[in-house]
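For reference, upload-v5.txt is printed below; it contains compact mmCIF, C-alpha atoms.
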# COMPACT_ATOMS: atom_id res chain seq x y z
CA MET O 1 -25.30 -23.38 -18.19
CA LYS O 2 -23.74 -20.08 -19.26
CA SER O 3 -21.10 -18.81 -16.84
CA GLN O 4 -21.93 -15.74 -14.81
CA GLN O 5 -19.67 -12.73 -14.99
CA PRO O 6 -17.83 -11.88 -11.76
CA ARG O 7 -19.48 -8.91 -10.02
CA LEU O 8 -17.21 -7.76 -7.20
CA ILE O 9 -17.69 -5.96 -3.95
CA VAL O 10 -14.19 -4.62 -3.29
CA TYR O 11 -14.02 -4.57 0.51
CA CYS O 12 -11.18 -2.57 2.02
CA SER O 13 -10.92 -0.02 4.82
CA LEU O 14 -7.78 1.53 3.28
CA PHE O 15 -9.08 3.29 0.19
CA PRO O 16 -8.70 6.83 -1.20
CA SER O 17 -11.39 9.38 -0.42
CA SER O 18 -11.87 13.12 -0.72
CA VAL O 19 -10.48 13.54 2.82
CA GLN O 20 -7.61 11.04 2.39
CA PRO O 21 -6.79 11.10 -1.33
CA ASN O 22 -3.50 9.19 -0.97
CA ALA O 23 -4.71 6.37 1.30
CA GLY O 24 -4.53 2.98 -0.43
CA VAL O 25 -3.93 4.39 -3.91
CA PHE O 26 -2.09 1.16 -4.82
CA ILE O 27 -5.25 -0.83 -4.02
CA ARG O 28 -7.44 1.42 -6.14
CA GLU O 29 -4.91 1.18 -8.98
CA ARG O 30 -5.24 -2.60 -9.09
CA LEU O 31 -8.98 -2.84 -8.56
CA PHE O 32 -10.00 -0.14 -10.99
CA LYS O 33 -8.03 -2.00 -13.66
CA VAL O 34 -9.91 -5.18 -12.70
CA GLY O 35 -13.06 -3.06 -13.03
CA GLN O 36 -12.29 -2.59 -16.73
CA HIS O 37 -13.02 -6.32 -17.17
CA CYS O 38 -15.89 -6.93 -14.73
CA PRO O 39 -18.27 -4.75 -12.70
CA ILE O 40 -17.07 -3.57 -9.27
CA VAL O 41 -18.42 -1.55 -6.37
CA VAL O 42 -16.18 -0.47 -3.50
CA VAL O 43 -17.20 -0.69 0.15
CA SER O 44 -14.63 0.97 2.42
CA PRO O 45 -15.64 0.77 6.12
CA VAL O 46 -14.61 3.78 8.23
CA PRO O 47 -13.94 3.48 12.00
CA TRP O 48 -16.25 5.60 14.16
CA PHE O 49 -16.47 6.32 17.88
CA PRO O 50 -19.02 8.58 19.65
CA PHE O 51 -16.38 10.82 21.23
CA GLN O 52 -13.89 11.01 18.38
CA GLN O 53 -14.75 14.65 17.67
CA LEU O 54 -13.58 15.40 21.19
CA LEU O 55 -10.31 13.59 20.49
CA ARG O 56 -9.76 15.78 17.43
CA ARG O 57 -9.23 18.74 19.75
CA PHE O 58 -5.98 17.08 20.77
CA LYS O 59 -5.28 15.22 17.49
CA PRO O 60 -6.75 17.39 14.66
CA GLY O 61 -6.18 14.78 11.92
CA PHE O 62 -7.66 11.87 13.89
CA ARG O 63 -9.94 9.63 11.81
CA PRO O 64 -11.04 12.03 9.06
CA GLN O 65 -14.58 11.12 8.02
CA PRO O 66 -15.29 10.94 4.27
CA PRO O 67 -18.81 11.34 2.85
CA ARG O 68 -20.81 8.12 2.89
CA TYR O 69 -20.70 7.90 -0.91
CA GLU O 70 -18.37 9.05 -3.68
CA ASN O 71 -18.14 8.34 -7.39
CA GLN O 72 -14.50 7.82 -8.35
CA GLN O 73 -13.68 7.47 -12.04
CA GLY O 74 -17.19 6.15 -12.64
CA VAL O 75 -17.00 3.59 -9.79
CA ASN O 76 -19.41 3.73 -6.85
CA VAL O 77 -17.54 3.91 -3.54
CA TYR O 78 -19.39 3.59 -0.21
CA PHE O 79 -17.96 4.50 3.21
CA PRO O 80 -20.16 2.90 5.91
CA ARG O 81 -19.21 3.56 9.54
CA PHE O 82 -18.37 0.87 12.07
CA PHE O 83 -17.91 1.07 15.82
CA SER O 84 -14.23 1.09 16.81
CA VAL O 85 -12.83 2.25 20.15
CA PRO O 86 -9.38 3.85 19.69
CA GLY O 87 -6.75 1.55 21.17
CA PHE O 88 -9.23 -0.93 22.69
CA LEU O 89 -11.28 -4.00 21.69
CA LYS O 90 -9.26 -4.44 18.48
CA ASN O 91 -10.13 -8.14 18.49
CA LEU O 92 -13.73 -7.10 17.86
CA ASP O 93 -13.02 -4.70 14.98
CA GLY O 94 -13.68 -7.41 12.38
CA PHE O 95 -17.11 -8.21 13.80
CA PHE O 96 -18.11 -4.54 14.15
CA MET O 97 -16.81 -3.85 10.65
CA ALA O 98 -19.06 -6.56 9.22
CA LEU O 99 -22.01 -5.32 11.24
CA GLY O 100 -21.45 -1.73 10.11
CA SER O 101 -21.39 -2.83 6.44
CA LEU O 102 -24.44 -5.07 6.63
CA LEU O 103 -27.06 -2.52 5.52
CA THR O 104 -24.88 -1.23 2.67
CA LEU O 105 -24.36 -4.74 1.30
CA TYR O 106 -28.04 -5.59 1.76
CA LYS O 107 -28.96 -2.66 -0.50
CA LEU O 108 -26.22 -3.52 -2.98
CA LYS O 109 -27.35 -7.15 -3.16
CA LYS O 110 -30.63 -5.84 -4.60
CA SER O 111 -29.23 -3.15 -6.91
CA PHE O 112 -25.86 -4.63 -7.94
CA THR O 113 -26.34 -8.39 -7.37
CA PHE O 114 -22.69 -9.00 -6.47
CA ASN O 115 -21.38 -12.58 -6.49
CA ILE O 116 -17.89 -12.16 -4.92
CA ILE O 117 -16.59 -10.14 -1.98
CA ASP O 118 -12.95 -9.29 -2.65
CA ALA O 119 -11.29 -8.18 0.60
CA HIS O 120 -7.88 -6.65 1.21
CA PHE O 121 -5.86 -7.39 4.36
CA ALA O 122 -6.72 -10.52 6.34
CA TYR O 123 -7.73 -8.64 9.49
CA PRO O 124 -10.00 -6.92 10.19
CA ASP O 125 -11.19 -6.56 6.57
CA GLY O 126 -10.85 -10.20 5.53
CA TYR O 127 -12.44 -11.46 8.73
CA ALA O 128 -15.38 -9.07 8.28
CA ALA O 129 -15.70 -10.09 4.62
CA THR O 130 -15.93 -13.80 5.48
CA LEU O 131 -18.76 -13.04 7.90
CA LEU O 132 -20.55 -11.04 5.20
CA GLY O 133 -19.86 -13.80 2.67
CA LYS O 134 -21.53 -16.29 5.01
CA TRP O 135 -24.52 -14.01 5.59
CA PHE O 136 -25.01 -13.27 1.87
CA LYS O 137 -23.95 -16.73 0.65
CA VAL O 138 -21.23 -15.52 -1.72
CA PRO O 139 -17.57 -16.59 -1.99
CA VAL O 140 -14.85 -14.37 -0.51
CA THR O 141 -11.33 -13.71 -1.74
CA ILE O 142 -8.70 -12.09 0.48
CA THR O 143 -5.49 -10.34 -0.57
CA LEU O 144 -2.58 -10.46 1.90
CA ARG O 145 -0.67 -7.18 1.84
CA GLY O 146 1.86 -7.37 4.67
CA THR O 147 -0.01 -6.32 7.82
CA GLU O 148 -0.48 -10.01 8.50
CA VAL O 149 3.13 -10.23 9.74
CA PRO O 150 2.84 -7.86 12.74
CA LEU O 151 -0.78 -8.88 13.46
CA SER O 152 0.23 -12.55 13.73
CA LYS O 153 2.24 -11.63 16.84
CA MET O 154 -0.99 -10.71 18.66
CA PRO O 155 -2.79 -13.91 19.75
CA GLY O 156 -6.38 -12.65 19.44
CA ARG O 157 -5.90 -11.10 16.02
CA LYS O 158 -3.80 -14.03 14.82
CA ARG O 159 -6.70 -16.37 15.65
CA ARG O 160 -9.19 -14.26 13.70
CA LEU O 161 -6.76 -13.76 10.84
CA LEU O 162 -6.37 -17.53 10.44
CA GLU O 163 -10.13 -18.01 10.74
CA ALA O 164 -10.62 -15.54 7.90
CA LEU O 165 -8.09 -17.35 5.70
CA ALA O 166 -9.71 -20.70 6.46
CA ASN O 167 -13.14 -19.38 5.45
CA ALA O 168 -12.00 -17.60 2.29
CA THR O 169 -12.54 -19.34 -1.06
CA LYS O 170 -9.29 -18.01 -2.53
CA ILE O 171 -6.34 -16.06 -1.13
CA PHE O 172 -4.00 -13.78 -3.05
CA SER O 173 -0.60 -12.83 -1.68
CA VAL O 174 1.39 -9.92 -3.06
CA ALA O 175 4.67 -11.72 -2.22
CA ASP O 176 5.85 -15.29 -1.85
CA SER O 177 7.48 -14.46 1.50
CA LEU O 178 4.07 -13.41 2.81
CA LYS O 179 2.51 -16.65 1.56
CA ARG O 180 5.19 -18.66 3.34
CA HIS O 181 4.57 -16.69 6.52
CA VAL O 182 0.84 -17.40 6.73
CA VAL O 183 1.35 -21.05 5.70
CA SER O 184 3.79 -21.38 8.62
CA LEU O 185 0.97 -20.08 10.85
CA GLY O 186 -1.41 -22.75 9.58
CA ALA O 187 -3.02 -21.32 6.43
CA GLN O 188 -3.80 -23.69 3.57
CA ASN O 189 -0.94 -23.61 1.04
CA ASP O 190 -2.82 -24.64 -2.11
CA LYS O 191 -5.50 -21.98 -1.57
CA ILE O 192 -2.97 -19.15 -1.94
CA GLU O 193 -1.95 -17.61 -5.27
CA VAL O 194 1.01 -15.20 -5.40
CA ILE O 195 0.22 -12.18 -7.58
CA GLY O 196 2.47 -9.18 -7.01
CA ASN O 197 1.45 -5.59 -7.48
CA GLY O 198 2.10 -3.96 -10.82
CA VAL O 199 3.00 -0.54 -12.12
CA ASP O 200 1.21 1.86 -14.47
CA THR O 201 3.96 2.69 -16.97
CA ASP O 202 1.73 5.27 -18.65
CA LYS O 203 1.75 7.21 -15.39
CA PHE O 204 5.29 6.40 -14.23
CA HIS O 205 8.05 7.13 -16.71
CA PRO O 206 11.13 9.38 -16.83
CA VAL O 207 10.68 13.07 -17.57
CA ASP O 208 13.43 15.55 -18.42
CA ARG O 209 15.84 15.56 -15.47
CA HIS O 210 16.82 19.21 -15.84
CA LYS O 211 13.21 20.39 -15.85
CA ALA O 212 12.34 18.05 -12.97
CA ARG O 213 15.15 19.53 -10.87
CA GLU O 214 14.10 23.06 -11.77
CA ARG O 215 10.58 22.21 -10.60
CA PHE O 216 11.86 21.52 -7.06
CA ALA O 217 14.76 24.02 -7.06
CA LEU O 218 17.33 21.25 -6.85
CA PRO O 219 20.95 22.01 -7.82
CA GLU O 220 21.82 20.50 -11.18
CA ASN O 221 24.93 18.65 -9.98
CA ALA O 222 23.80 17.60 -6.48
CA LYS O 223 23.31 13.95 -5.63
CA VAL O 224 19.66 13.34 -4.70
CA LEU O 225 18.09 10.52 -2.66
CA ILE O 226 14.32 10.11 -2.55
CA SER O 227 11.78 8.20 -0.44
CA VAL O 228 8.02 8.08 -0.99
CA GLY O 229 5.31 6.97 1.43
CA GLY O 230 3.29 7.83 4.51
CA LEU O 231 5.27 9.64 7.22
CA VAL O 232 5.29 6.81 9.73
CA ASP O 233 8.06 5.11 11.70
CA ARG O 234 7.69 1.85 9.76
CA LYS O 235 8.90 3.45 6.53
CA GLY O 236 12.29 4.21 8.07
CA TYR O 237 12.98 7.78 6.95
CA HIS O 238 14.73 8.31 10.29
CA ARG O 239 17.17 5.53 9.40
CA VAL O 240 18.19 7.39 6.25
CA ILE O 241 18.48 10.72 8.06
CA GLU O 242 20.67 8.96 10.64
CA VAL O 243 23.33 8.15 8.00
CA LEU O 244 23.22 11.53 6.21
CA PRO O 245 26.14 13.05 8.20
CA ALA O 246 28.44 10.24 7.02
CA LEU O 247 27.17 10.50 3.44
CA LEU O 248 27.65 14.27 3.43
CA ASN O 249 31.37 13.75 4.06
CA GLU O 250 31.50 12.08 0.65
CA PHE O 251 28.72 14.03 -1.11
CA PRO O 252 28.66 17.55 0.39
CA ASP O 253 25.76 18.72 -1.82
CA LEU O 254 23.57 15.66 -1.13
CA ILE O 255 19.82 16.30 -0.88
CA TYR O 256 17.32 13.84 0.63
CA ILE O 257 13.76 14.31 -0.65
CA ILE O 258 10.84 12.84 1.30
CA VAL O 259 7.48 12.71 -0.49
CA GLY O 260 4.46 11.87 1.68
CA GLY O 261 2.25 13.06 4.48
CA ALA O 262 0.11 11.86 7.34
CA SER O 263 -1.45 8.41 6.96
CA PRO O 264 -3.92 6.32 8.97
CA GLU O 265 -0.85 4.98 10.84
CA GLY O 266 0.15 8.46 12.00
CA ASN O 267 2.48 11.33 11.12
CA ASN O 268 6.05 11.52 12.40
CA ARG O 269 7.16 14.58 10.42
CA PRO O 270 7.83 16.65 13.59
CA PHE O 271 10.13 13.90 14.87
CA LEU O 272 11.96 13.70 11.52
CA GLU O 273 12.41 17.49 11.39
CA GLN O 274 13.75 17.47 14.94
CA GLN O 275 16.12 14.59 14.12
CA ALA O 276 17.45 16.41 11.04
CA ALA O 277 17.99 19.57 13.11
CA SER O 278 19.79 17.67 15.89
CA LEU O 279 22.15 16.12 13.31
CA ASN O 280 22.65 19.51 11.65
CA VAL O 281 21.39 18.23 8.26
CA SER O 282 18.09 20.16 7.99
CA GLU O 283 19.21 22.04 4.86
CA HIS O 284 19.82 18.68 3.16
CA VAL O 285 16.37 17.19 3.94
CA ARG O 286 13.35 18.40 1.98
CA PHE O 287 9.76 17.45 2.79
CA LEU O 288 7.60 17.83 -0.33
CA GLY O 289 4.40 16.67 1.40
CA PRO O 290 1.95 14.30 -0.29
CA LEU O 291 1.68 14.42 -4.09
CA PRO O 292 -0.96 12.92 -6.41
CA SER O 293 0.31 9.71 -8.02
CA ASP O 294 0.37 11.26 -11.48
CA GLU O 295 2.86 13.89 -10.24
CA LEU O 296 5.31 11.47 -8.58
CA LYS O 297 7.25 11.00 -11.82
CA TYR O 298 8.68 14.53 -11.42
CA PRO O 299 10.51 14.12 -8.08
CA LEU O 300 11.44 10.54 -9.03
CA SER O 301 12.98 11.77 -12.30
CA ALA O 302 14.87 14.48 -10.39
CA ALA O 303 16.55 11.94 -8.09
CA ASP O 304 19.53 9.59 -8.44
CA VAL O 305 18.59 6.77 -6.03
CA PHE O 306 15.36 5.63 -4.37
CA VAL O 307 15.72 4.49 -0.75
CA LEU O 308 13.26 2.95 1.71
CA ALA O 309 14.75 1.62 4.96
CA THR O 310 11.42 0.02 5.84
CA ALA O 311 10.63 -2.33 8.74
CA ASN O 312 7.84 -4.25 7.01
CA GLU O 313 6.39 -4.50 3.49
CA GLY O 314 4.33 -6.96 1.49
CA TRP O 315 5.15 -5.92 -2.05
CA ALA O 316 6.09 -2.23 -2.19
CA ASN O 317 4.49 -0.77 -5.32
CA VAL O 318 6.65 2.31 -4.97
CA PHE O 319 9.78 0.31 -5.91
CA LEU O 320 8.37 -0.45 -9.35
CA GLU O 321 7.17 3.15 -9.70
CA ALA O 322 10.69 4.38 -8.98
CA MET O 323 12.20 1.83 -11.39
CA ALA O 324 9.75 2.86 -14.11
CA CYS O 325 11.33 6.33 -13.80
CA GLY O 326 14.80 4.80 -14.11
CA LEU O 327 15.86 4.77 -10.45
CA PRO O 328 17.82 2.01 -8.69
CA VAL O 329 16.39 1.03 -5.30
CA VAL O 330 18.17 0.63 -1.96
CA THR O 331 15.97 -1.10 0.62
CA THR O 332 15.94 -3.49 3.55
CA ASP O 333 15.70 -7.27 3.51
CA VAL O 334 12.16 -7.48 4.91
CA GLY O 335 8.89 -8.85 3.53
CA GLY O 336 8.83 -9.14 -0.24
CA ASN O 337 11.48 -6.48 -0.91
CA LYS O 338 14.00 -8.99 -2.22
CA GLU O 339 11.36 -10.35 -4.59
CA VAL O 340 10.96 -6.92 -6.20
CA VAL O 341 14.60 -5.83 -6.12
CA ASN O 342 15.71 -9.28 -7.25
CA ASP O 343 18.91 -8.47 -9.14
CA GLU O 344 21.97 -6.31 -8.42
CA SER O 345 21.29 -4.43 -11.66
CA LEU O 346 18.13 -3.03 -10.00
CA GLY O 347 19.56 -1.88 -6.66
CA GLU O 348 20.86 -2.99 -3.28
CA ILE O 349 19.28 -5.01 -0.45
CA VAL O 350 20.65 -4.34 3.05
CA SER O 351 20.11 -5.92 6.45
CA PHE O 352 17.39 -4.23 8.48
CA GLY O 353 18.62 -2.05 11.32
CA ASP O 354 22.29 -1.87 10.22
CA PRO O 355 23.12 1.83 9.65
CA THR O 356 26.67 1.13 8.45
CA GLU O 357 25.45 -1.28 5.79
CA LEU O 358 22.75 1.21 4.72
CA GLN O 359 25.26 4.05 4.45
CA GLU O 360 27.70 1.92 2.43
CA ALA O 361 24.94 0.73 0.08
CA LEU O 362 23.77 4.30 -0.52
CA SER O 363 27.33 5.44 -1.16
CA LYS O 364 27.83 2.61 -3.64
CA ALA O 365 24.51 3.36 -5.37
CA LEU O 366 25.27 7.08 -5.67
CA ASN O 367 28.68 6.33 -7.19
CA LYS O 368 27.53 3.60 -9.58
CA ASN O 369 26.75 4.18 -13.25
CA TRP O 370 23.38 2.37 -13.48
CA ASN O 371 21.87 1.02 -16.69
CA LYS O 372 18.61 2.96 -16.47
CA ASP O 373 17.15 1.39 -19.63
CA LYS O 374 17.49 -2.07 -18.05
CA ILE O 375 15.79 -0.85 -14.86
CA ILE O 376 12.92 0.70 -16.86
CA ASP O 377 12.52 -2.49 -18.93
CA TYR O 378 12.18 -4.52 -15.73
CA ALA O 379 9.41 -2.20 -14.54
CA LYS O 380 7.63 -2.58 -17.89
CA GLN O 381 7.75 -6.36 -17.52
CA ASN O 382 5.80 -5.86 -14.27
CA ALA O 383 3.05 -3.68 -15.72
CA TRP O 384 -0.43 -4.10 -14.25
CA GLN O 385 -2.08 -5.83 -17.18
CA THR O 386 -0.42 -9.23 -16.68
CA ARG O 387 -1.51 -9.21 -13.02
CA VAL O 388 -5.04 -8.13 -13.82
CA ASP O 389 -5.51 -10.83 -16.47
CA ARG O 390 -4.62 -13.50 -13.88
CA LEU O 391 -6.93 -11.99 -11.27
CA VAL O 392 -9.91 -11.83 -13.62
CA THR O 393 -9.32 -15.45 -14.72
CA ILE O 394 -9.31 -16.59 -11.08
CA PHE O 395 -12.42 -14.57 -10.21
CA GLN O 396 -14.18 -16.26 -13.13
CA ARG O 397 -13.07 -19.67 -11.88
CA VAL O 398 -14.39 -18.88 -8.36
CA ILE O 399 -17.80 -18.06 -9.85
CA GLU O 400 -17.87 -21.18 -12.00
CA ASP O 401 -16.94 -23.41 -9.05
CA LYS O 402 -19.76 -21.84 -7.04
CA GLN O 403 -22.41 -22.56 -9.72

Could you quickly redo this structure as structure tokens?
Amino acid sequence: MKSQQPRLIVYCSLFPSSVQPNAGVFIRERLFKVGQHCPIVVVSPVPWFPFQQLLRRFKPGFRPQPPRYENQQGVNVYFPRFFSVPGFLKNLDGFFMALGSLLTLYKLKKSFTFNIIDAHFAYPDGYAATLLGKWFKVPVTITLRGTEVPLSKMPGRKRRLLEALANATKIFSVADSLKRHVVSLGAQNDKIEVIGNGVDTDKFHPVDRHKARERFALPENAKVLISVGGLVDRKGYHRVIEVLPALLNEFPDLIYIIVGGASPEGNNRPFLEQQAASLNVSEHVRFLGPLPSDELKYPLSAADVFVLATANEGWANVFLEAMACGLPVVTTDVGGNKEVVNDESLGEIVSFGDPTELQEALSKALNKNWNKDKIIDYAKQNAWQTRVDRLVTIFQRVIEDKQ
């Protein structure tokens, strides 16, 4: 019997749209490259609540609603709604997500004849996907991306998370630390394959430093730190701002650039601006807002050191993106960070929540003469194609085992 080609439903609630163009870009990056080898359709469930328009009077950016269908780079992307009460009944989100996607998948089963549902995040997406896989009799793969760590501390969601992993045919983990975490919770070790994120070195590469600094009106001789990501507490921008007064004693012209905007997790820019003002460092902190991924190489090339004092990560794609532009990385010893920044020639790993250690690491990084070519070569070794080849091979194996 001739093997079928994998035909994937990519199932993920965190996916870019016309109303949230920077949400889940790292997921689209990976899956659209998989889509160059086998057909894919994206289903990205969107939370909905009857009175959410009323809530937007108090929170204008609350749950932006994309159109129900978009075509992105030739790929069909569907945004079905599912019932989700803000702050309540979160243990039921997985079930309602599956229910809300049922009609969309029923239509796609006729027009696209998918044979794998490839979900991202174990809960609620992975849980919903395993229900849909059962209803449509197709295998399900789940990619662990880091949210599984905080969710496992909530008994109801931990139970559903583990149920999803038990019912999945194959599990991908973006970091070995994340695999070890879910195995310690009871997930099946030999079902999990570690495949880290990659980097698009055609998109991320150094550009002329002088021109990059001119673009953002940065002084030519100033030391520049940069962070990139959604403006949420987890990313730890406030921890960097906290140590700026001490760093400014050593580097009086230091500038800290923050690239990013509101995300589904929230927006703490007002808090960060207030913190910078209270520490009298506002003129040294610059918020560039969100930028399209193909423009990130400019602020990255203008900087000296990339920093992310994050509380939780799976495998932070942005580290490789910064390295592809020649930047060393200073980050915290959480999640898979040490797996990405795995050598002292690439940056510094510091203990989470230790401001003195963070300040000293940043000082050391700003003073050090880094071998940028070595950093860029490391990023090139982690280009997307090697990851994608492994993924496509495994998807093919899942199909063959099902036949």

*Could you tell me how far atom CA of O:Glu163 lies from atom CA of O:Gly335, in Å and to one decimal?*
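Separating atom CA of O:Glu163 from atom CA of O:Gly335 is a distance of 22.3 Å.
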
*asked:* Between O:Leu92, O:Gln4, O:His37, O:Phe83, which residue has the minimum interatomic distance to O:Arg159, considering all atoms listed in the file?
replied: O:Leu92

Counting all atoms listed in the file, give me one row per residue of stretch 277-373 of chain O with an atom at most 6 Å from an atom of stretch 226-239 of chain O, showing the shortest contact pair and its distance in Å to one decimal, sorted by chain then residue number, as a Markdown table.
| residue | atom | partner | partner_atom | distance |
| --- | --- | --- | --- | --- |
| O:Phe306 | CA | O:Ile226 | CA | 4.9 |
| O:Val307 | CA | O:Ser227 | CA | 5.4 |
| O:Leu308 | CA | O:Ser227 | CA | 5.9 |
| O:Ala309 | CA | O:Gly236 | CA | 4.7 |
| O:Thr310 | CA | O:Lys235 | CA | 4.3 |
| O:Ala311 | CA | O:Arg234 | CA | 5.2 |

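For O:Phe251, the non-local neighbours within 12 Å, defined as residues at least 4 positions apart in the same chain or in other chains and counting all atoms listed in the file, are Asn221, Ala222, Lys223, Val224, Leu225, Leu244, Pro245, Ala246, Leu247, Ile255, Tyr256, His284, Gln359, Leu362, Ser363, Lys364, Leu366 and Asn367 of chain O.
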
_Residues within 8 Å of O:Ala361, please, as a list in words. Count all atoms listed in the file; anything in the same chain fewer than 3 positions from it doesn't count._
Val330, Glu348, Val350, Glu357, Leu358, Lys364 and Ala365 of chain O

_O:Thr386 surroundings by all atoms listed in the file, 10 Å radius, close-in-sequence under 4 positions cut, as a PyMOL selection string_ = chain O and resi 195+198+381-382+390-391

*asked:* Report, in Å to a single decimal, how far apart atom CA of O:Gly133 and atom CA of O:Leu105 are.
replied: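 It comes out at 10.2 Å.
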
_So that I can check the surroundings of O:Phe49, please list as a list in words every protein, DNA and RNA residue that reaches within 7 Å of it, counting only C-alpha atoms and ignoring chain neighbours fewer than 3 positions away._
Gln52, Phe83, Ser84 and Val85 of chain O

*Distance atom CA of O:Thr331-atom CA of O:Glu273, one decimal place?*
21.8 Å

*asked:* Residues within 10 Å of O:Pro39, please, as a PyMOL selection string. Count all atoms listed in the file; anything in the same chain fewer than 6 positions from it doesn't count.
replied: chain O and resi 5-9+32+75+112+114

*Select, from O:Asn280, O:Tyr127, O:Val182, O:Thr201, the residue with the minimum atom-to-atom distance to O:Asn167, counting only C-alpha atoms.*
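Among the listed residues, O:Tyr127 lies closest to O:Asn167.
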
*With only C-alpha atoms as the basis for distance, which of O:Val77, O:Lys153, O:Ala303, O:Thr169 is at the shortest distance from O:Glu220?*
O:Ala303

*Measuring atom to atom with only C-alpha atoms, identify which of O:Ile171, O:Val138, O:Leu300, O:Cys12 is nearest to O:Met97.*
O:Cys12

*Dig up all the protein and nucleic acid residues within 10 Å of (-4.2, -3.3, 3.1) in the file frame, using all atoms listed in the file, and format them as a PyMOL selection string.*
chain O and resi 12-15+23-24+26-27+119-126+143-148+314

*Given all atoms listed in the file as the counted atoms, nearest of O:Arg157, O:Lys179, O:Lys137, O:His205 to O:Lys402*: O:Lys137
